[in-house]
Amino acid sequence: LVFLVKASKQSGMTNLQELGRYYYGQQGELVVNISLIALLLCASLSVLIAIAELLTPIYRHALPTEDYDHWYCQGWFVMLLCVAMIFPISIPNNLAPLKWSSSGAVFSIFLVFIFMGVRFCQHGIAKDSKIDLFVDSPIATLALPIQGLAYASQFNVVGLYIELGEHKRHINTVIHGSMIFTCFVYAFFGLLGYLYFGQDTGKYSMILDGFNNDKLMLVAGAMISLTNILKMPLIILPFRHTVNLILMGKEEFGLLVSCVETTLILALIYVLARLVGDLALGLELSGPTVGVFVCFILPSMLCYKSDKEKWRNMRPRHKFGDTHFSRTQL
């Protein structure tokens, strides 16, 4: 994140595509756009799968019947309902309408912390719980999909930096504060998972899957689903803008065009999510591939070019007549 801000500050560019074109030409911009589309597509289908898996038991629990063979009890229908909820909040061309609802999503995460703590205090540490702090290298690489997806929207930091205006000097505080909070959330849930479920932890793609029909954790699942639903516009909006840039050379169009584009994008995401079906597979598709490139390699490349340009411009030069001499030459 800091690397992207440094590159934006040095170049004056306002988004990742402009940074790619500024430092690496038209080919750089094309690589950025293709990588973003692949990353955002994989990230969005993974999030949709997660939302549907969390909401399915809640939805079935609310139904008056226990016969889940009906068409309206099937996973495909629950996922379709999720798409219907995501659609209206993904249409706007800016994220300002989500300012207050996003605060509610953060509050939901806080409540899930409390619910997890309650159940952990009641259950205690599993007898076979074991955390291997010195894992072999091949096993450690399994964390890459999670890391890649966690940073799926990190390129938005360039737009955030521009929007801060006179408060731009606080951008590093915003970055480091958000990273500390995010790392704490990941570490907390991971630690509780290993201590609560022990050796059975690997059976669950999401920690909440292990609580079966626990009503308190069903509510926790609903809150996390709400958080993910509100997160989807952060993925859909840049996805739509990137497609428009490639095909039309322009990011935004009217409301009607945005509705049509959002419908097509969500339809594609729904079909792919049904085909993939498994959250772990979705993470494996996004993380080690374009996720690592867009989130780690590309910012480093842009920052390298930025620092190189900065030092070239700062090199002191002295003028004698019509000839310029560098300090080294003198």
# chains A, B, ... in the order shown; residues from 1 in each chain; ligands from 1
call {"tool": "select_by_dssp", "arguments": {"residues": "range 19-253 of chain A", "states": "alpha helix (DSSP H)", "output": "NGL selection string"}}
result
:A and (19-62 or 75-90 or 99-123 or 137-140 or 144-150 or 157-163 or 171-197 or 215-248)
call {"tool": "closest_residue", "arguments": {"among": "A:Ile91, A:Ile49, A:Cys42, A:Leu302", "to": "His241 in chain A", "atoms": "only C-alpha atoms"}}
result
A:Ile91
call {"tool": "atom_distance", "arguments": {"atom1": "CA of Ile235 in chain A", "atom2": "CA of Leu272 in chain A"}}
result
15.6 Å
call {"tool": "closest_residue", "arguments": {"among": "A:Ile58, A:Leu30, A:Asn228, A:Ala50", "to": "Val276 in chain A", "atoms": "only C-alpha atoms"}}
result
A:Ala50
call {"tool": "closest_residue", "arguments": {"among": "A:Val158, A:Gly282, A:Leu164, A:Arg240", "to": "Leu264 in chain A", "atoms": "only C-alpha atoms"}}
result
A:Arg240
call {"tool": "residues_around", "arguments": {"residues": "Leu208 in chain A", "least_positions_apart": "3", "cutoff": "8 Å", "atoms": "only C-alpha atoms", "output": "list of chain:residue names"}}
result
A:Leu54, A:Phe211, A:Asn212, A:Met217, A:Gly221
call {"tool": "write_last_selection", "arguments": {"atoms": "N, CA, C and O atoms", "output": "PDB file, in the first residue's frame"}}
result
ATOM      1  N   LEU A  54     -22.573 -19.204   4.049  1.00  0.00           N
ATOM      2  CA  LEU A  54     -22.947 -18.711   5.373  1.00  0.00           C
ATOM      3  C   LEU A  54     -24.454 -18.519   5.515  1.00  0.00           C
ATOM      4  O   LEU A  54     -25.030 -18.786   6.575  1.00  0.00           O
ATOM      5  N   PHE A 211     -19.635 -25.085  13.580  1.00  0.00           N
ATOM      6  CA  PHE A 211     -20.575 -24.925  14.683  1.00  0.00           C
ATOM      7  C   PHE A 211     -21.954 -25.501  14.377  1.00  0.00           C
ATOM      8  O   PHE A 211     -22.875 -25.355  15.184  1.00  0.00           O
ATOM      9  N   ASN A 212     -22.111 -26.110  13.209  1.00  0.00           N
ATOM     10  CA  ASN A 212     -23.364 -26.759  12.815  1.00  0.00           C
ATOM     11  C   ASN A 212     -24.564 -25.823  12.975  1.00  0.00           C
ATOM     12  O   ASN A 212     -24.590 -24.760  12.386  1.00  0.00           O
ATOM     13  N   MET A 217     -24.027 -18.734  16.528  1.00  0.00           N
ATOM     14  CA  MET A 217     -23.058 -18.635  15.433  1.00  0.00           C
ATOM     15  C   MET A 217     -23.755 -18.475  14.091  1.00  0.00           C
ATOM     16  O   MET A 217     -23.149 -18.012  13.130  1.00  0.00           O
ATOM     17  N   GLY A 221     -22.743 -15.757  11.487  1.00  0.00           N
ATOM     18  CA  GLY A 221     -22.607 -15.981  10.049  1.00  0.00           C
ATOM     19  C   GLY A 221     -23.379 -14.960   9.241  1.00  0.00           C
ATOM     20  O   GLY A 221     -22.922 -14.493   8.195  1.00  0.00           O
TER      21      GLY A 221
END
call {"tool": "residues_around", "arguments": {"residues": "Asn172 in chain A", "least_positions_apart": "4", "cutoff": "12 Å", "atoms": "only C-alpha atoms", "output": "JSON list (two decimals) with all heavy atoms, in the first residue's frame"}}
result
[["chain", "number", "residue", "atom", "x", "y", "z"],
["A", 1, "LEU", "N", 0.82, -1.20, 0.00],
["A", 1, "LEU", "CA", 0.00, 0.00, 0.00],
["A", 1, "LEU", "C", 0.86, 1.26, 0.00],
["A", 1, "LEU", "O", 0.59, 2.22, -0.72],
["A", 1, "LEU", "CB", -0.93, -0.02, 1.22],
["A", 1, "LEU", "CG", -1.96, -1.15, 1.29],
["A", 1, "LEU", "CD1", -2.75, -1.08, 2.58],
["A", 1, "LEU", "CD2", -2.89, -1.12, 0.10],
["A", 2, "VAL", "N", 1.89, 1.25, 0.84],
["A", 2, "VAL", "CA", 2.80, 2.40, 0.90],
["A", 2, "VAL", "C", 3.52, 2.57, -0.44],
["A", 2, "VAL", "O", 3.73, 3.70, -0.90],
["A", 2, "VAL", "CB", 3.82, 2.22, 2.05],
["A", 2, "VAL", "CG1", 4.85, 3.35, 2.04],
["A", 2, "VAL", "CG2", 3.10, 2.21, 3.39],
["A", 3, "PHE", "N", 3.89, 1.46, -1.07],
["A", 3, "PHE", "CA", 4.57, 1.53, -2.37],
["A", 3, "PHE", "C", 3.68, 2.21, -3.41],
["A", 3, "PHE", "O", 4.14, 3.04, -4.20],
["A", 3, "PHE", "CB", 4.94, 0.13, -2.84],
["A", 3, "PHE", "CG", 6.12, -0.47, -2.11],
["A", 3, "PHE", "CD1", 6.52, -1.77, -2.36],
["A", 3, "PHE", "CD2", 6.81, 0.26, -1.16],
["A", 3, "PHE", "CE1", 7.58, -2.34, -1.70],
["A", 3, "PHE", "CE2", 7.88, -0.29, -0.48],
["A", 3, "PHE", "CZ", 8.28, -1.59, -0.75],
["A", 4, "LEU", "N", 2.39, 1.84, -3.42],
["A", 4, "LEU", "CA", 1.47, 2.44, -4.40],
["A", 4, "LEU", "C", 1.28, 3.93, -4.14],
["A", 4, "LEU", "O", 1.21, 4.73, -5.09],
["A", 4, "LEU", "CB", 0.12, 1.72, -4.34],
["A", 4, "LEU", "CG", 0.08, 0.30, -4.89],
["A", 4, "LEU", "CD1", -1.30, -0.30, -4.73],
["A", 4, "LEU", "CD2", 0.49, 0.26, -6.36],
["A", 5, "VAL", "N", 1.21, 4.32, -2.88],
["A", 5, "VAL", "CA", 1.07, 5.74, -2.54],
["A", 5, "VAL", "C", 2.31, 6.51, -2.97],
["A", 5, "VAL", "O", 2.21, 7.62, -3.52],
["A", 5, "VAL", "CB", 0.80, 5.91, -1.03],
["A", 5, "VAL", "CG1", 0.91, 7.38, -0.62],
["A", 5, "VAL", "CG2", -0.59, 5.39, -0.68],
["A", 6, "LYS", "N", 3.47, 5.93, -2.74],
["A", 6, "LYS", "CA", 4.72, 6.60, -3.15],
["A", 6, "LYS", "C", 4.75, 6.80, -4.66],
["A", 6, "LYS", "O", 5.14, 7.86, -5.15],
["A", 6, "LYS", "CB", 5.92, 5.77, -2.70],
["A", 6, "LYS", "CG", 6.20, 5.82, -1.21],
["A", 6, "LYS", "CD", 7.38, 4.94, -0.84],
["A", 6, "LYS", "CE", 8.67, 5.43, -1.48],
["A", 6, "LYS", "NZ", 9.83, 4.61, -1.04],
["A", 157, "VAL", "N", -6.28, 2.05, -2.82],
["A", 157, "VAL", "CA", -5.61, 3.01, -1.94],
["A", 157, "VAL", "C", -5.16, 4.24, -2.72],
["A", 157, "VAL", "O", -5.06, 5.34, -2.16],
["A", 157, "VAL", "CB", -4.41, 2.34, -1.23],
["A", 157, "VAL", "CG1", -3.25, 2.12, -2.20],
["A", 157, "VAL", "CG2", -3.94, 3.19, -0.06],
["A", 160, "LEU", "N", -8.09, 6.48, -2.77],
["A", 160, "LEU", "CA", -8.28, 6.99, -1.42],
["A", 160, "LEU", "C", -7.28, 8.10, -1.12],
["A", 160, "LEU", "O", -7.64, 9.13, -0.52],
["A", 160, "LEU", "CB", -8.12, 5.84, -0.41],
["A", 160, "LEU", "CG", -8.18, 6.22, 1.08],
["A", 160, "LEU", "CD1", -9.53, 6.82, 1.42],
["A", 160, "LEU", "CD2", -7.89, 5.01, 1.95],
["A", 161, "TYR", "N", -6.05, 7.91, -1.54],
["A", 161, "TYR", "CA", -5.02, 8.92, -1.32],
["A", 161, "TYR", "C", -5.40, 10.24, -2.01],
["A", 161, "TYR", "O", -5.24, 11.32, -1.43],
["A", 161, "TYR", "CB", -3.68, 8.40, -1.85],
["A", 161, "TYR", "CG", -2.57, 9.43, -1.86],
["A", 161, "TYR", "CD1", -2.01, 9.90, -0.68],
["A", 161, "TYR", "CD2", -2.10, 9.94, -3.08],
["A", 161, "TYR", "CE1", -1.00, 10.85, -0.70],
["A", 161, "TYR", "CE2", -1.09, 10.88, -3.10],
["A", 161, "TYR", "CZ", -0.55, 11.33, -1.91],
["A", 161, "TYR", "OH", 0.46, 12.28, -1.94],
["A", 164, "LEU", "N", -8.25, 12.13, -0.15],
["A", 164, "LEU", "CA", -7.94, 12.70, 1.16],
["A", 164, "LEU", "C", -7.67, 14.20, 1.10],
["A", 164, "LEU", "O", -7.79, 14.90, 2.10],
["A", 164, "LEU", "CB", -6.74, 11.98, 1.79],
["A", 164, "LEU", "CG", -7.03, 10.61, 2.38],
["A", 164, "LEU", "CD1", -5.75, 9.97, 2.89],
["A", 164, "LEU", "CD2", -8.05, 10.69, 3.50],
["A", 167, "HIS", "N", -5.61, 16.19, 3.69],
["A", 167, "HIS", "CA", -5.23, 15.24, 4.74],
["A", 167, "HIS", "C", -4.34, 14.12, 4.21],
["A", 167, "HIS", "O", -4.19, 13.09, 4.88],
["A", 167, "HIS", "CB", -6.50, 14.64, 5.36],
["A", 167, "HIS", "CG", -7.42, 15.66, 5.96],
["A", 167, "HIS", "ND1", -7.11, 16.39, 7.08],
["A", 167, "HIS", "CD2", -8.66, 16.07, 5.58],
["A", 167, "HIS", "CE1", -8.10, 17.21, 7.38],
["A", 167, "HIS", "NE2", -9.06, 17.04, 6.48],
["A", 168, "LYS", "N", -3.77, 14.32, 3.04],
["A", 168, "LYS", "CA", -2.95, 13.28, 2.43],
["A", 168, "LYS", "C", -1.77, 12.87, 3.32],
["A", 168, "LYS", "O", -1.31, 11.73, 3.25],
["A", 168, "LYS", "CB", -2.41, 13.75, 1.08],
["A", 168, "LYS", "CG", -3.44, 13.80, -0.02],
["A", 168, "LYS", "CD", -2.80, 14.27, -1.32],
["A", 168, "LYS", "CE", -3.82, 14.30, -2.47],
["A", 168, "LYS", "NZ", -3.22, 14.78, -3.73],
["A", 176, "HIS", "N", -1.29, 1.90, 8.01],
["A", 176, "HIS", "CA", -0.75, 1.06, 9.08],
["A", 176, "HIS", "C", -1.83, 0.69, 10.10],
["A", 176, "HIS", "O", -1.85, -0.44, 10.60],
["A", 176, "HIS", "CB", 0.41, 1.78, 9.77],
["A", 176, "HIS", "CG", 1.59, 2.00, 8.87],
["A", 176, "HIS", "ND1", 2.33, 3.16, 8.86],
["A", 176, "HIS", "CD2", 2.15, 1.22, 7.91],
["A", 176, "HIS", "CE1", 3.29, 3.08, 7.97],
["A", 176, "HIS", "NE2", 3.19, 1.91, 7.37],
["A", 177, "GLY", "N", -2.75, 1.63, 10.37],
["A", 177, "GLY", "CA", -3.84, 1.32, 11.29],
["A", 177, "GLY", "C", -4.75, 0.23, 10.75],
["A", 177, "GLY", "O", -5.13, -0.70, 11.48],
["A", 178, "SER", "N", -5.08, 0.30, 9.47],
["A", 178, "SER", "CA", -5.94, -0.71, 8.86],
["A", 178, "SER", "C", -5.24, -2.07, 8.79],
["A", 178, "SER", "O", -5.87, -3.11, 8.99],
["A", 178, "SER", "CB", -6.38, -0.27, 7.46],
["A", 178, "SER", "OG", -5.26, -0.12, 6.61],
["A", 179, "MET", "N", -3.93, -2.06, 8.54],
["A", 179, "MET", "CA", -3.21, -3.33, 8.48],
["A", 179, "MET", "C", -3.11, -3.99, 9.85],
["A", 179, "MET", "O", -3.21, -5.22, 9.97],
["A", 179, "MET", "CB", -1.81, -3.09, 7.91],
["A", 179, "MET", "CG", -1.77, -2.79, 6.42],
["A", 179, "MET", "SD", -2.46, -4.13, 5.40],
["A", 179, "MET", "CE", -4.11, -3.49, 5.08]]
call {"tool": "closest_residue", "arguments": {"among": "A:Ile207, A:Met116, A:Ala52, A:Leu266", "to": "Val78 in chain A", "atoms": "only C-alpha atoms"}}
result
A:Ala52
call {"tool": "closest_residue", "arguments": {"among": "A:Leu275, A:Leu81, A:Leu285, A:Ile229", "to": "Ala38 in chain A", "atoms": "only C-alpha atoms"}}
result
A:Leu285
